[in-house]
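Quick look at input30.tsv (TSV, N, CA and C atoms):
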chain	number	residue	atom	x	y	z
A	16	MET	N	0.84	-1.18	0.00
A	16	MET	CA	0.00	0.00	0.00
A	16	MET	C	0.88	1.25	0.00
A	17	GLU	N	0.58	2.15	-0.87
A	17	GLU	CA	1.37	3.38	-1.00
A	17	GLU	C	1.08	4.33	0.16
A	18	GLU	N	2.15	4.92	0.66
A	18	GLU	CA	2.02	5.86	1.78
A	18	GLU	C	1.29	7.12	1.32
A	19	GLN	N	0.39	7.60	2.15
A	19	GLN	CA	-0.38	8.80	1.86
A	19	GLN	C	0.49	10.04	2.00
A	20	LYS	N	0.27	10.98	1.10
A	20	LYS	CA	0.95	12.27	1.22
A	20	LYS	C	0.13	13.16	2.14
A	21	GLN	N	0.84	13.99	2.86
A	21	GLN	CA	0.17	14.97	3.70
A	21	GLN	C	0.89	16.30	3.61
A	22	ARG	N	0.30	17.29	4.18
A	22	ARG	CA	0.85	18.65	4.13
A	22	ARG	C	1.84	18.84	5.27
A	23	TYR	N	3.01	19.42	4.92
A	23	TYR	CA	4.03	19.77	5.90
A	23	TYR	C	4.41	21.23	5.68
A	24	TYR	N	5.00	21.82	6.69
A	24	TYR	CA	5.42	23.21	6.63
A	24	TYR	C	6.90	23.24	6.98
A	25	PHE	N	7.71	23.76	6.07
A	25	PHE	CA	9.16	23.66	6.16
A	25	PHE	C	9.80	25.04	6.15
A	26	ASN	N	10.63	25.31	7.17
A	26	ASN	CA	11.40	26.54	7.26
A	26	ASN	C	12.85	26.19	6.95
A	27	ILE	N	13.34	26.64	5.83
A	27	ILE	CA	14.70	26.29	5.41
A	27	ILE	C	15.75	26.93	6.30
A	28	GLU	N	15.45	28.08	6.88
A	28	GLU	CA	16.42	28.76	7.75
A	28	GLU	C	16.69	27.98	9.02
A	29	SER	N	15.64	27.46	9.64
A	29	SER	CA	15.80	26.73	10.90
A	29	SER	C	15.87	25.23	10.71
A	30	GLY	N	15.45	24.75	9.54
A	30	GLY	CA	15.42	23.31	9.29
A	30	GLY	C	14.19	22.63	9.87
A	31	GLU	N	13.25	23.41	10.38
A	31	GLU	CA	12.04	22.83	10.97
A	31	GLU	C	11.11	22.28	9.89
A	32	VAL	N	10.58	21.09	10.15
A	32	VAL	CA	9.53	20.51	9.32
A	32	VAL	C	8.38	20.20	10.27
A	33	LEU	N	7.27	20.91	10.07
A	33	LEU	CA	6.13	20.79	10.96
A	33	LEU	C	4.93	20.20	10.22
A	34	ASP	N	4.06	19.54	10.95
A	34	ASP	CA	2.85	19.02	10.31
A	34	ASP	C	1.62	19.89	10.55
A	35	THR	N	1.84	20.98	11.25
A	35	THR	CA	0.77	21.98	11.43
A	35	THR	C	1.35	23.35	11.09
A	36	PRO	N	0.52	24.26	10.60
A	36	PRO	CA	1.04	25.59	10.27
A	36	PRO	C	1.69	26.25	11.48
A	37	ALA	N	2.75	26.96	11.24
A	37	ALA	CA	3.52	27.59	12.32
A	37	ALA	C	3.02	28.99	12.60
A	38	ASP	N	3.02	29.33	13.86
A	38	ASP	CA	2.74	30.71	14.27
A	38	ASP	C	4.03	31.49	14.43
A	39	GLN	N	5.15	30.82	14.16
A	39	GLN	CA	6.46	31.42	14.37
A	39	GLN	C	6.81	32.33	13.20
A	40	GLU	N	7.82	33.15	13.45
A	40	GLU	CA	8.32	34.02	12.39
A	40	GLU	C	9.14	33.21	11.40
A	41	GLY	N	9.34	33.78	10.26
A	41	GLY	CA	10.14	33.12	9.24
A	41	GLY	C	9.24	32.63	8.12
A	42	HIS	N	9.86	32.32	7.01
A	42	HIS	CA	9.11	31.86	5.85
A	42	HIS	C	9.02	30.34	5.86
A	43	PHE	N	7.83	29.82	5.78
A	43	PHE	CA	7.61	28.38	5.72
A	43	PHE	C	7.10	28.02	4.33
A	44	PHE	N	7.73	27.01	3.73
A	44	PHE	CA	7.24	26.45	2.47
A	44	PHE	C	6.19	25.40	2.80
A	45	THR	N	5.15	25.32	2.00
A	45	THR	CA	4.17	24.25	2.14
A	45	THR	C	4.57	23.11	1.22
A	46	LEU	N	4.75	21.93	1.80
A	46	LEU	CA	5.14	20.74	1.05
A	46	LEU	C	4.03	19.71	1.16
A	47	ILE	N	3.82	18.95	0.09
A	47	ILE	CA	2.90	17.83	0.11
A	47	ILE	C	3.77	16.60	-0.14
A	48	ALA	N	3.95	15.79	0.91
A	48	ALA	CA	4.94	14.73	0.86
A	48	ALA	C	4.55	13.54	1.71
A	49	THR	N	5.23	12.43	1.47
A	49	THR	CA	5.09	11.25	2.32
A	49	THR	C	6.08	11.38	3.47
A	50	GLY	N	5.92	10.57	4.48
A	50	GLY	CA	6.87	10.55	5.59
A	50	GLY	C	8.26	10.19	5.12
A	51	GLU	N	8.36	9.30	4.13
A	51	GLU	CA	9.66	8.90	3.58
A	51	GLU	C	10.34	10.07	2.88
A	52	GLU	N	9.58	10.86	2.14
A	52	GLU	CA	10.15	12.03	1.48
A	52	GLU	C	10.63	13.06	2.49
A	53	ILE	N	9.91	13.22	3.58
A	53	ILE	CA	10.34	14.14	4.64
A	53	ILE	C	11.60	13.61	5.32
A	54	LYS	N	11.68	12.30	5.48
A	54	LYS	CA	12.89	11.68	6.03
A	54	LYS	C	14.09	11.99	5.14
A	55	ASP	N	13.91	11.87	3.82
A	55	ASP	CA	14.99	12.20	2.88
A	55	ASP	C	15.39	13.67	3.00
A	56	LEU	N	14.41	14.54	3.11
A	56	LEU	CA	14.68	15.97	3.27
A	56	LEU	C	15.51	16.21	4.53
A	57	ARG	N	15.13	15.57	5.62
A	57	ARG	CA	15.87	15.73	6.88
A	57	ARG	C	17.30	15.22	6.76
A	58	GLU	N	17.52	14.17	5.98
A	58	GLU	CA	18.88	13.67	5.77
A	58	GLU	C	19.72	14.71	5.04
A	59	TYR	N	19.17	15.35	4.03
A	59	TYR	CA	19.91	16.42	3.34
A	59	TYR	C	20.15	17.61	4.26
A	60	LEU	N	19.20	17.90	5.12
A	60	LEU	CA	19.41	18.98	6.10
A	60	LEU	C	20.57	18.65	7.03
A	61	GLU	N	20.69	17.40	7.42
A	61	GLU	CA	21.79	16.97	8.29
A	61	GLU	C	23.13	17.08	7.57
A	62	VAL	N	23.18	16.64	6.31
A	62	VAL	CA	24.41	16.77	5.51
A	62	VAL	C	24.80	18.24	5.40
A	63	ASN	N	23.82	19.08	5.11
A	63	ASN	CA	24.05	20.51	4.98
A	63	ASN	C	24.57	21.12	6.28
A	64	TYR	N	23.98	20.74	7.39
A	64	TYR	CA	24.38	21.25	8.70
A	64	TYR	C	25.82	20.85	9.02
A	65	LYS	N	26.15	19.58	8.79
A	65	LYS	CA	27.51	19.10	9.07
A	65	LYS	C	28.54	19.78	8.17
A	66	ALA	N	28.20	19.95	6.89
A	66	ALA	CA	29.12	20.62	5.97
A	66	ALA	C	29.31	22.08	6.35
A	67	ASP	N	28.25	22.72	6.80
A	67	ASP	CA	28.33	24.11	7.24
A	67	ASP	C	29.29	24.24	8.41
A	68	TRP	N	29.17	23.35	9.39
A	68	TRP	CA	30.06	23.39	10.55
A	68	TRP	C	31.50	23.04	10.17
A	69	ALA	N	31.66	22.11	9.24
A	69	ALA	CA	33.02	21.75	8.79
A	69	ALA	C	33.68	22.95	8.13
A	70	THR	N	32.95	23.66	7.32
A	70	THR	CA	33.48	24.87	6.68
A	70	THR	C	33.84	25.92	7.71
A	71	TYR	N	32.95	26.12	8.66
A	71	TYR	CA	33.20	27.09	9.73
A	71	TYR	C	34.43	26.69	10.55
A	72	GLY	N	34.48	25.44	10.95
A	72	GLY	CA	35.60	24.96	11.76
A	72	GLY	C	36.92	25.07	11.04
A	73	ASN	N	36.94	24.67	9.79
A	73	ASN	CA	38.19	24.74	9.03
A	73	ASN	C	38.64	26.17	8.81
A	74	SER	N	37.72	27.08	8.65
A	74	SER	CA	38.12	28.48	8.43
A	74	SER	C	38.77	29.07	9.67
A	75	HIS	N	38.44	28.54	10.84
A	75	HIS	CA	39.02	29.05	12.08
A	75	HIS	C	40.23	28.24	12.54
A	76	LEU	N	40.19	26.94	12.33
A	76	LEU	CA	41.29	26.09	12.79
A	76	LEU	C	42.40	25.96	11.75
A	77	HIS	N	42.02	25.99	10.49
A	77	HIS	CA	42.98	25.83	9.40
A	77	HIS	C	42.72	26.91	8.35
A	78	PRO	N	43.04	28.15	8.66
A	78	PRO	CA	42.64	29.25	7.77
A	78	PRO	C	43.27	29.21	6.38
A	79	PHE	N	44.34	28.45	6.21
A	79	PHE	CA	44.99	28.42	4.90
A	79	PHE	C	44.68	27.15	4.13
A	80	LYS	N	43.85	26.29	4.70
A	80	LYS	CA	43.45	25.06	4.03
A	80	LYS	C	42.38	25.38	2.99
A	81	ASP	N	42.42	24.68	1.88
A	81	ASP	CA	41.43	24.88	0.82
A	81	ASP	C	40.09	24.25	1.24
A	82	PRO	N	39.06	25.05	1.38
A	82	PRO	CA	37.78	24.54	1.87
A	82	PRO	C	36.84	24.02	0.78
A	83	ASP	N	37.37	23.78	-0.42
A	83	ASP	CA	36.50	23.44	-1.54
A	83	ASP	C	35.62	22.22	-1.29
A	84	ARG	N	36.17	21.18	-0.66
A	84	ARG	CA	35.38	19.97	-0.43
A	84	ARG	C	34.16	20.27	0.44
A	85	GLU	N	34.37	20.99	1.54
A	85	GLU	CA	33.26	21.31	2.43
A	85	GLU	C	32.25	22.23	1.74
A	86	HIS	N	32.76	23.19	0.99
A	86	HIS	CA	31.85	24.09	0.27
A	86	HIS	C	31.03	23.33	-0.76
A	87	ALA	N	31.67	22.41	-1.48
A	87	ALA	CA	30.97	21.63	-2.49
A	87	ALA	C	29.89	20.76	-1.85
A	88	GLU	N	30.20	20.16	-0.71
A	88	GLU	CA	29.23	19.33	-0.01
A	88	GLU	C	28.05	20.17	0.48
A	89	TYR	N	28.35	21.33	1.02
A	89	TYR	CA	27.30	22.26	1.49
A	89	TYR	C	26.42	22.68	0.32
A	90	ASP	N	27.05	23.10	-0.78
A	90	ASP	CA	26.30	23.56	-1.95
A	90	ASP	C	25.42	22.45	-2.52
A	91	MET	N	25.98	21.22	-2.61
A	91	MET	CA	25.23	20.09	-3.14
A	91	MET	C	23.99	19.83	-2.28
A	92	ALA	N	24.17	19.81	-0.97
A	92	ALA	CA	23.04	19.53	-0.07
A	92	ALA	C	22.00	20.64	-0.16
A	93	LEU	N	22.44	21.89	-0.21
A	93	LEU	CA	21.49	23.01	-0.29
A	93	LEU	C	20.70	22.97	-1.60
A	94	LYS	N	21.37	22.65	-2.70
A	94	LYS	CA	20.67	22.55	-3.98
A	94	LYS	C	19.66	21.40	-3.95
A	95	GLU	N	20.04	20.29	-3.32
A	95	GLU	CA	19.11	19.16	-3.23
A	95	GLU	C	17.91	19.52	-2.36
A	96	ILE	N	18.14	20.26	-1.30
A	96	ILE	CA	17.04	20.71	-0.44
A	96	ILE	C	16.07	21.58	-1.25
A	97	TYR	N	16.61	22.54	-2.00
A	97	TYR	CA	15.73	23.40	-2.81
A	97	TYR	C	15.05	22.61	-3.93
A	98	ALA	N	15.73	21.61	-4.49
A	98	ALA	CA	15.10	20.76	-5.51
A	98	ALA	C	13.92	19.99	-4.90
A	99	MET	N	14.09	19.53	-3.66
A	99	MET	CA	13.00	18.83	-2.99
A	99	MET	C	11.85	19.79	-2.68
A	100	VAL	N	12.17	21.01	-2.28
A	100	VAL	CA	11.12	22.01	-2.04
A	100	VAL	C	10.35	22.24	-3.33
A	101	TYR	N	11.07	22.32	-4.45
A	101	TYR	CA	10.40	22.52	-5.73
A	101	TYR	C	9.52	21.32	-6.08
A	102	ARG	N	10.07	20.12	-5.93
A	102	ARG	CA	9.36	18.90	-6.28
A	102	ARG	C	8.13	18.66	-5.40
A	103	LEU	N	8.26	18.92	-4.12
A	103	LEU	CA	7.20	18.59	-3.16
A	103	LEU	C	6.32	19.79	-2.80
A	104	GLY	N	6.74	20.97	-3.19
A	104	GLY	CA	6.06	22.18	-2.75
A	104	GLY	C	4.79	22.50	-3.49
A	105	ASP	N	4.01	23.38	-2.89
A	105	ASP	CA	2.81	23.90	-3.54
A	105	ASP	C	3.24	24.91	-4.61
A	106	ALA	N	2.29	25.52	-5.28
A	106	ALA	CA	2.59	26.45	-6.38
A	106	ALA	C	3.46	27.61	-5.90
A	107	GLU	N	3.19	28.12	-4.71
A	107	GLU	CA	3.98	29.24	-4.18
A	107	GLU	C	5.43	28.83	-3.94
A	108	ALA	N	5.65	27.63	-3.40
A	108	ALA	CA	7.00	27.14	-3.16
A	108	ALA	C	7.75	26.94	-4.47
A	109	LYS	N	7.07	26.33	-5.44
A	109	LYS	CA	7.69	26.12	-6.75
A	109	LYS	C	8.10	27.45	-7.39
A	110	ASN	N	7.21	28.41	-7.34
A	110	ASN	CA	7.47	29.72	-7.92
A	110	ASN	C	8.66	30.40	-7.22
A	111	HIS	N	8.71	30.30	-5.90
A	111	HIS	CA	9.80	30.90	-5.13
A	111	HIS	C	11.14	30.30	-5.54
A	112	VAL	N	11.21	28.98	-5.61
A	112	VAL	CA	12.47	28.31	-5.96
A	112	VAL	C	12.86	28.65	-7.40
A	113	ARG	N	11.91	28.60	-8.30
A	113	ARG	CA	12.21	28.93	-9.71
A	113	ARG	C	12.75	30.36	-9.82
A	114	ASN	N	12.14	31.30	-9.13
A	114	ASN	CA	12.57	32.70	-9.20
A	114	ASN	C	13.92	32.96	-8.55
A	115	MET	N	14.33	32.09	-7.65
A	115	MET	CA	15.66	32.23	-7.04
A	115	MET	C	16.76	32.04	-8.09
A	116	GLY	N	16.51	31.18	-9.06
A	116	GLY	CA	17.46	30.95	-10.13
A	116	GLY	C	18.68	30.13	-9.75
A	117	ILE	N	18.61	29.39	-8.65
A	117	ILE	CA	19.78	28.60	-8.24
A	117	ILE	C	19.80	27.20	-8.83
A	118	LEU	N	18.67	26.77	-9.41
A	118	LEU	CA	18.59	25.45	-10.01
A	118	LEU	C	18.38	25.57	-11.51
A	119	SER	N	19.07	24.71	-12.24
A	119	SER	CA	18.89	24.68	-13.69
A	119	SER	C	17.55	24.02	-14.00
A	120	GLU	N	17.11	24.11	-15.24
A	120	GLU	CA	15.86	23.46	-15.65
A	120	GLU	C	15.95	21.95	-15.41
A	121	GLU	N	17.12	21.35	-15.67
A	121	GLU	CA	17.30	19.92	-15.45
A	121	GLU	C	17.15	19.56	-13.97
A	122	GLU	N	17.68	20.41	-13.10
A	122	GLU	CA	17.57	20.16	-11.66
A	122	GLU	C	16.13	20.34	-11.18
A	123	LEU	N	15.38	21.21	-11.82
A	123	LEU	CA	13.99	21.43	-11.43
A	123	LEU	C	13.11	20.25	-11.77
A	124	ILE	N	13.40	19.56	-12.87
A	124	ILE	CA	12.53	18.46	-13.29
A	124	ILE	C	13.04	17.09	-12.88
A	125	LYS	N	14.17	17.02	-12.27
A	125	LYS	CA	14.77	15.71	-11.90
A	125	LYS	C	13.97	14.99	-10.86
Please lay out the structure from this file as structure tokens.
Amino acid sequence: MEEQKQRYYFNIESGEVLDTPADQEGHFFTLIATGEEIKDLREYLEVNYKADWATYGNSHLHPFKDPDREHAEYDMALKEIYAMVYRLGDAEAKNHVRNMGILSEEELIK
């Protein structure tokens, strides 16, 4: 039996994924997704978080080290997060991501 999709509310700044509308400040994207899709989104958020800290740590502990690997990992995870927002989002979320211009047409339809 296929898992039912339900409405989630996602704040990319905080990484929060809620199943009820938020009264909090910040912009929340509306996503229509399965629990498995939200699990995948959370995994990319974790990769992004770890890469962000690795970049921060290396810039302070090893200021002359080339941070390209950490930056590439951070960028990849962030692009995947926005691709998921586009794929799972309502019309407003899709429009927002498309207007940002950070994803190519191929990345939008993947």
**Fill in**
Pairwise distance, CA of Asp38 (chain A) with CA of Tyr24 (chain A), equals 11.0 Å
**Message:** Residues within 5 Å of region 91-103 of chain A, please, as JSON, numbers by chain. Count all atoms listed in the file; anything in the same chain fewer than 5 positions from it doesn't count.
**Reply:** {"A": [46, 47, 109]}
What lies within 6 Å of His42 (chain A) using only N, CA and C atoms, ignoring chain neighbours under 3 positions off, as a PDB file with N, CA and C atoms, in the frame of the given file?
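Final output, out.pdb:
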ATOM      1  N   PHE A  25       7.710  23.760   6.070  1.00  0.00           N
ATOM      2  CA  PHE A  25       9.160  23.660   6.160  1.00  0.00           C
ATOM      3  C   PHE A  25       9.800  25.040   6.150  1.00  0.00           C
ATOM      4  N   ASN A  26      10.630  25.310   7.170  1.00  0.00           N
ATOM      5  CA  ASN A  26      11.400  26.540   7.260  1.00  0.00           C
ATOM      6  C   ASN A  26      12.850  26.190   6.950  1.00  0.00           C
ATOM      7  N   ILE A  27      13.340  26.640   5.830  1.00  0.00           N
ATOM      8  CA  ILE A  27      14.700  26.290   5.410  1.00  0.00           C
ATOM      9  C   ILE A  27      15.750  26.930   6.300  1.00  0.00           C
TER      10      ILE A  27
END
**Prompt:** So which bits of chain A end up helix (DSSP H, G or I) when you DSSP the backbone, as a PyMOL selection string?
**Reply:** chain A and resi 50-76+83-103+106-115+120-124
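The space between atom C of Gly104 (chain A) and atom N of Ala48 (chain A) spans 8.1 Å.
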**Asked** What is the CA of Leu33 (chain A)-CA of His86 (chain A) distance in Å, reported with one decimal?
**Response** 28.0 Å
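Residues with at least one atom no more than 8 Å from (2.3, 6.8, -0.6), using only N, CA and C atoms, are Met16, Glu17, Glu18, Gln19, Lys20, Ala48, Thr49 and Gly50 of chain A.
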**Request:** Return as number ranges by chain the full set of residues in chain A whose backbone-based DSSP assignment is strand (DSSP E).
**Result:** A: 21-26, 31-33, 44-48
Suppose we keep N, CA and C atoms; can you now write the selection as a PDB file, keeping the file's coordinate frame?
ATOM      1  N   GLN A  21       0.840  13.990   2.860  1.00  0.00           N
ATOM      2  CA  GLN A  21       0.170  14.970   3.700  1.00  0.00           C
ATOM      3  C   GLN A  21       0.890  16.300   3.610  1.00  0.00           C
ATOM      4  N   ARG A  22       0.300  17.290   4.180  1.00  0.00           N
ATOM      5  CA  ARG A  22       0.850  18.650   4.130  1.00  0.00           C
ATOM      6  C   ARG A  22       1.840  18.840   5.270  1.00  0.00           C
ATOM      7  N   TYR A  23       3.010  19.420   4.920  1.00  0.00           N
ATOM      8  CA  TYR A  23       4.030  19.770   5.900  1.00  0.00           C
ATOM      9  C   TYR A  23       4.410  21.230   5.680  1.00  0.00           C
ATOM     10  N   TYR A  24       5.000  21.820   6.690  1.00  0.00           N
ATOM     11  CA  TYR A  24       5.420  23.210   6.630  1.00  0.00           C
ATOM     12  C   TYR A  24       6.900  23.240   6.980  1.00  0.00           C
ATOM     13  N   PHE A  25       7.710  23.760   6.070  1.00  0.00           N
ATOM     14  CA  PHE A  25       9.160  23.660   6.160  1.00  0.00           C
ATOM     15  C   PHE A  25       9.800  25.040   6.150  1.00  0.00           C
ATOM     16  N   ASN A  26      10.630  25.310   7.170  1.00  0.00           N
ATOM     17  CA  ASN A  26      11.400  26.540   7.260  1.00  0.00           C
ATOM     18  C   ASN A  26      12.850  26.190   6.950  1.00  0.00           C
ATOM     19  N   GLU A  31      13.250  23.410  10.380  1.00  0.00           N
ATOM     20  CA  GLU A  31      12.040  22.830  10.970  1.00  0.00           C
ATOM     21  C   GLU A  31      11.110  22.280   9.890  1.00  0.00           C
ATOM     22  N   VAL A  32      10.580  21.090  10.150  1.00  0.00           N
ATOM     23  CA  VAL A  32       9.530  20.510   9.320  1.00  0.00           C
ATOM     24  C   VAL A  32       8.380  20.200  10.270  1.00  0.00           C
ATOM     25  N   LEU A  33       7.270  20.910  10.070  1.00  0.00           N
ATOM     26  CA  LEU A  33       6.130  20.790  10.960  1.00  0.00           C
ATOM     27  C   LEU A  33       4.930  20.200  10.220  1.00  0.00           C
ATOM     28  N   PHE A  44       7.730  27.010   3.730  1.00  0.00           N
ATOM     29  CA  PHE A  44       7.240  26.450   2.470  1.00  0.00           C
ATOM     30  C   PHE A  44       6.190  25.400   2.800  1.00  0.00           C
ATOM     31  N   THR A  45       5.150  25.320   2.000  1.00  0.00           N
ATOM     32  CA  THR A  45       4.170  24.250   2.140  1.00  0.00           C
ATOM     33  C   THR A  45       4.570  23.110   1.220  1.00  0.00           C
ATOM     34  N   LEU A  46       4.750  21.930   1.800  1.00  0.00           N
ATOM     35  CA  LEU A  46       5.140  20.740   1.050  1.00  0.00           C
ATOM     36  C   LEU A  46       4.030  19.710   1.160  1.00  0.00           C
ATOM     37  N   ILE A  47       3.820  18.950   0.090  1.00  0.00           N
ATOM     38  CA  ILE A  47       2.900  17.830   0.110  1.00  0.00           C
ATOM     39  C   ILE A  47       3.770  16.600  -0.140  1.00  0.00           C
ATOM     40  N   ALA A  48       3.950  15.790   0.910  1.00  0.00           N
ATOM     41  CA  ALA A  48       4.940  14.730   0.860  1.00  0.00           C
ATOM     42  C   ALA A  48       4.550  13.540   1.710  1.00  0.00           C
TER      43      ALA A  48
END
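Closest approach to Glu107 (chain A) among A:Glu31, A:Lys65, A:Pro36, A:Phe43 is made by A:Phe43 (distances from only C-alpha atoms).
Of the listed residues (A:Ala69, A:Tyr59, A:Val32, A:Tyr23), A:Tyr23 comes nearest to Phe44 (chain A); the distances count only N, CA and C atoms.
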